Amino acid sequence: MTANERREAILEALCVRRQDTYSNLAHEFGVSYSTIRRDIEALACSYPLEPVRGRHGGGVYVADWYHRNRRTLSPEQAALLKKLAPGLEGRDLEVMNSIINQFAPH
């Protein structure tokens, strides 16, 4: 795994977890603590990551508003889907509701 591939994987993991420690990330990716710190510093230049210090080595948080590759429906799109949903049944209704729940702004 190259440094860029590792950083991509770190960002993906952080977007799911929303926070983690440097030690845990170093162990997971099989690199040193210093390497993870450098990776986080590099990622923080382009992404809303907040490195924090701690008595156990510190960690990193992802800004609450940031979700990688997550698309959302506009309010108009969500309203239209909600209007259409009552006309559906069974699996079609389940799929429509999952789309609304996953992509409509909360």
# chains A, B, ... in the order shown; residues from 1 in each chain; ligands from 1
call {"tool": "residues_around", "arguments": {"residues": "segment 40-56 of chain A", "least_positions_apart": "6", "cutoff": "10 Å", "atoms": "only C-alpha atoms", "output": "list in words"}}
result
Asn4, Arg7, Glu8, Ile10, Leu11, Leu14, Cys15, Arg18, Gln19, Asp20, Thr21, Tyr22, Ser23, Ser34, Val62, Ala63, Asp64, Trp65, Tyr66, His67 and Arg68 of chain A
call {"tool": "select_by_dssp", "arguments": {"residues": "segment 28-81 of chain A", "states": "alpha helix (DSSP H)", "output": "list in words"}}
result
Glu28, Phe29, Tyr33, Ser34, Thr35, Ile36, Arg37, Arg38, Asp39, Ile40, Glu41, Ala42, Leu43, Ala44, Pro75, Glu76, Gln77, Ala78, Ala79, Leu80 and Leu81 of chain A
call {"tool": "select_by_dssp", "arguments": {"residues": "chain A", "states": "strand (DSSP E)", "output": "ChimeraX atom specification"}}
result
/A:19-21,49-52,59-62
call {"tool": "residues_around", "arguments": {"residues": "segment 90-106 of chain A", "least_positions_apart": "2", "cutoff": "6 Å", "atoms": "only C-alpha atoms", "output": "count of residues only"}}
result
4
call {"tool": "atom_distance", "arguments": {"atom1": "atom CA of Arg38 of chain A", "atom2": "atom CA of Arg6 of chain A"}}
result
11.7 Å
call {"tool": "atom_distance", "arguments": {"atom1": "atom CA of Tyr33 of chain A", "atom2": "atom CA of Val16 of chain A"}}
result
20.9 Å
call {"tool": "decode", "arguments": {"residues": "segment 37-68 of chain A", "atoms": "N, CA, C and O atoms", "output": "JSON list (two decimals), in the first residue's frame"}}
result
[["chain", "number", "residue", "atom", "x", "y", "z"],
["A", 37, "ARG", "N", 0.72, 10.22, 12.35],
["A", 37, "ARG", "CA", 0.66, 11.67, 12.62],
["A", 37, "ARG", "C", 0.93, 12.47, 11.35],
["A", 37, "ARG", "O", 0.23, 13.44, 11.05],
["A", 38, "ARG", "N", 1.93, 12.06, 10.58],
["A", 38, "ARG", "CA", 2.24, 12.75, 9.33],
["A", 38, "ARG", "C", 1.09, 12.60, 8.32],
["A", 38, "ARG", "O", 0.74, 13.55, 7.61],
["A", 39, "ASP", "N", 0.51, 11.40, 8.27],
["A", 39, "ASP", "CA", -0.63, 11.17, 7.38],
["A", 39, "ASP", "C", -1.80, 12.08, 7.74],
["A", 39, "ASP", "O", -2.43, 12.70, 6.87],
["A", 40, "ILE", "N", -2.11, 12.17, 9.02],
["A", 40, "ILE", "CA", -3.22, 13.02, 9.48],
["A", 40, "ILE", "C", -2.93, 14.48, 9.18],
["A", 40, "ILE", "O", -3.80, 15.23, 8.73],
["A", 41, "GLU", "N", -1.69, 14.90, 9.42],
["A", 41, "GLU", "CA", -1.31, 16.29, 9.11],
["A", 41, "GLU", "C", -1.49, 16.59, 7.63],
["A", 41, "GLU", "O", -2.00, 17.65, 7.26],
["A", 42, "ALA", "N", -1.09, 15.66, 6.77],
["A", 42, "ALA", "CA", -1.25, 15.83, 5.32],
["A", 42, "ALA", "C", -2.73, 15.88, 4.94],
["A", 42, "ALA", "O", -3.15, 16.73, 4.15],
["A", 43, "LEU", "N", -3.54, 14.97, 5.50],
["A", 43, "LEU", "CA", -4.97, 14.95, 5.20],
["A", 43, "LEU", "C", -5.68, 16.20, 5.71],
["A", 43, "LEU", "O", -6.60, 16.70, 5.06],
["A", 44, "ALA", "N", -5.24, 16.70, 6.86],
["A", 44, "ALA", "CA", -5.89, 17.87, 7.47],
["A", 44, "ALA", "C", -5.71, 19.13, 6.61],
["A", 44, "ALA", "O", -6.46, 20.09, 6.77],
["A", 45, "CYS", "N", -4.75, 19.12, 5.70],
["A", 45, "CYS", "CA", -4.57, 20.26, 4.80],
["A", 45, "CYS", "C", -5.70, 20.35, 3.77],
["A", 45, "CYS", "O", -5.98, 21.43, 3.25],
["A", 46, "SER", "N", -6.35, 19.22, 3.49],
["A", 46, "SER", "CA", -7.38, 19.19, 2.47],
["A", 46, "SER", "C", -8.77, 18.81, 2.97],
["A", 46, "SER", "O", -9.75, 18.99, 2.25],
["A", 47, "TYR", "N", -8.83, 18.26, 4.16],
["A", 47, "TYR", "CA", -10.10, 17.76, 4.69],
["A", 47, "TYR", "C", -10.31, 18.32, 6.10],
["A", 47, "TYR", "O", -9.35, 18.61, 6.80],
["A", 48, "PRO", "N", -11.57, 18.41, 6.54],
["A", 48, "PRO", "CA", -11.86, 18.98, 7.86],
["A", 48, "PRO", "C", -11.58, 18.00, 9.01],
["A", 48, "PRO", "O", -12.49, 17.50, 9.66],
["A", 49, "LEU", "N", -10.31, 17.71, 9.22],
["A", 49, "LEU", "CA", -9.89, 16.84, 10.31],
["A", 49, "LEU", "C", -9.31, 17.70, 11.41],
["A", 49, "LEU", "O", -8.60, 18.67, 11.14],
["A", 50, "GLU", "N", -9.60, 17.34, 12.64],
["A", 50, "GLU", "CA", -9.10, 18.10, 13.78],
["A", 50, "GLU", "C", -8.24, 17.20, 14.66],
["A", 50, "GLU", "O", -8.77, 16.40, 15.44],
["A", 51, "PRO", "N", -6.93, 17.32, 14.52],
["A", 51, "PRO", "CA", -6.04, 16.56, 15.40],
["A", 51, "PRO", "C", -6.16, 17.11, 16.82],
["A", 51, "PRO", "O", -6.28, 18.31, 17.02],
["A", 52, "VAL", "N", -6.16, 16.22, 17.80],
["A", 52, "VAL", "CA", -6.24, 16.63, 19.20],
["A", 52, "VAL", "C", -5.15, 15.92, 20.00],
["A", 52, "VAL", "O", -4.80, 14.79, 19.70],
["A", 53, "ARG", "N", -4.65, 16.61, 20.98],
["A", 53, "ARG", "CA", -3.66, 16.02, 21.86],
["A", 53, "ARG", "C", -4.37, 15.36, 23.02],
["A", 53, "ARG", "O", -5.43, 15.78, 23.44],
["A", 54, "GLY", "N", -3.73, 14.34, 23.55],
["A", 54, "GLY", "CA", -4.30, 13.65, 24.70],
["A", 54, "GLY", "C", -3.20, 12.99, 25.48],
["A", 54, "GLY", "O", -2.08, 12.84, 25.02],
["A", 55, "ARG", "N", -3.54, 12.58, 26.69],
["A", 55, "ARG", "CA", -2.49, 11.99, 27.51],
["A", 55, "ARG", "C", -2.11, 10.59, 27.03],
["A", 55, "ARG", "O", -1.09, 10.07, 27.40],
["A", 56, "HIS", "N", -2.91, 10.00, 26.15],
["A", 56, "HIS", "CA", -2.57, 8.69, 25.60],
["A", 56, "HIS", "C", -2.13, 8.80, 24.15],
["A", 56, "HIS", "O", -2.28, 7.87, 23.37],
["A", 57, "GLY", "N", -1.59, 9.95, 23.77],
["A", 57, "GLY", "CA", -1.05, 10.11, 22.44],
["A", 57, "GLY", "C", -1.87, 10.93, 21.47],
["A", 57, "GLY", "O", -1.40, 11.33, 20.44],
["A", 58, "GLY", "N", -3.12, 11.16, 21.78],
["A", 58, "GLY", "CA", -3.95, 12.00, 20.93],
["A", 58, "GLY", "C", -4.70, 11.23, 19.86],
["A", 58, "GLY", "O", -4.61, 10.01, 19.76],
["A", 59, "GLY", "N", -5.41, 11.99, 19.07],
["A", 59, "GLY", "CA", -6.22, 11.38, 18.02],
["A", 59, "GLY", "C", -6.71, 12.42, 17.06],
["A", 59, "GLY", "O", -6.14, 13.51, 16.95],
["A", 60, "VAL", "N", -7.76, 12.07, 16.36],
["A", 60, "VAL", "CA", -8.28, 12.95, 15.31],
["A", 60, "VAL", "C", -9.80, 12.82, 15.25],
["A", 60, "VAL", "O", -10.36, 11.75, 15.44],
["A", 61, "TYR", "N", -10.46, 13.95, 14.99],
["A", 61, "TYR", "CA", -11.90, 14.02, 14.81],
["A", 61, "TYR", "C", -12.20, 14.51, 13.40],
["A", 61, "TYR", "O", -11.46, 15.32, 12.85],
["A", 62, "VAL", "N", -13.32, 14.07, 12.86],
["A", 62, "VAL", "CA", -13.82, 14.57, 11.58],
["A", 62, "VAL", "C", -14.94, 15.56, 11.89],
["A", 62, "VAL", "O", -15.78, 15.30, 12.75],
["A", 63, "ALA", "N", -14.94, 16.69, 11.20],
["A", 63, "ALA", "CA", -15.99, 17.69, 11.41],
["A", 63, "ALA", "C", -17.36, 17.04, 11.23],
["A", 63, "ALA", "O", -17.56, 16.23, 10.32],
["A", 64, "ASP", "N", -18.29, 17.41, 12.10],
["A", 64, "ASP", "CA", -19.63, 16.81, 12.07],
["A", 64, "ASP", "C", -20.32, 16.95, 10.71],
["A", 64, "ASP", "O", -21.04, 16.06, 10.29],
["A", 65, "TRP", "N", -20.09, 18.04, 10.04],
["A", 65, "TRP", "CA", -20.79, 18.31, 8.79],
["A", 65, "TRP", "C", -20.21, 17.56, 7.60],
["A", 65, "TRP", "O", -20.85, 17.47, 6.56],
["A", 66, "TYR", "N", -19.00, 17.01, 7.74],
["A", 66, "TYR", "CA", -18.33, 16.41, 6.59],
["A", 66, "TYR", "C", -18.65, 14.93, 6.46],
["A", 66, "TYR", "O", -18.46, 14.16, 7.40],
["A", 67, "HIS", "N", -19.13, 14.55, 5.29],
["A", 67, "HIS", "CA", -19.37, 13.15, 4.95],
["A", 67, "HIS", "C", -18.85, 12.93, 3.55],
["A", 67, "HIS", "O", -19.33, 13.55, 2.60],
["A", 68, "ARG", "N", -17.89, 12.08, 3.43],
["A", 68, "ARG", "CA", -17.24, 11.86, 2.16],
["A", 68, "ARG", "C", -18.17, 11.19, 1.15],
["A", 68, "ARG", "O", -18.79, 10.19, 1.43]]
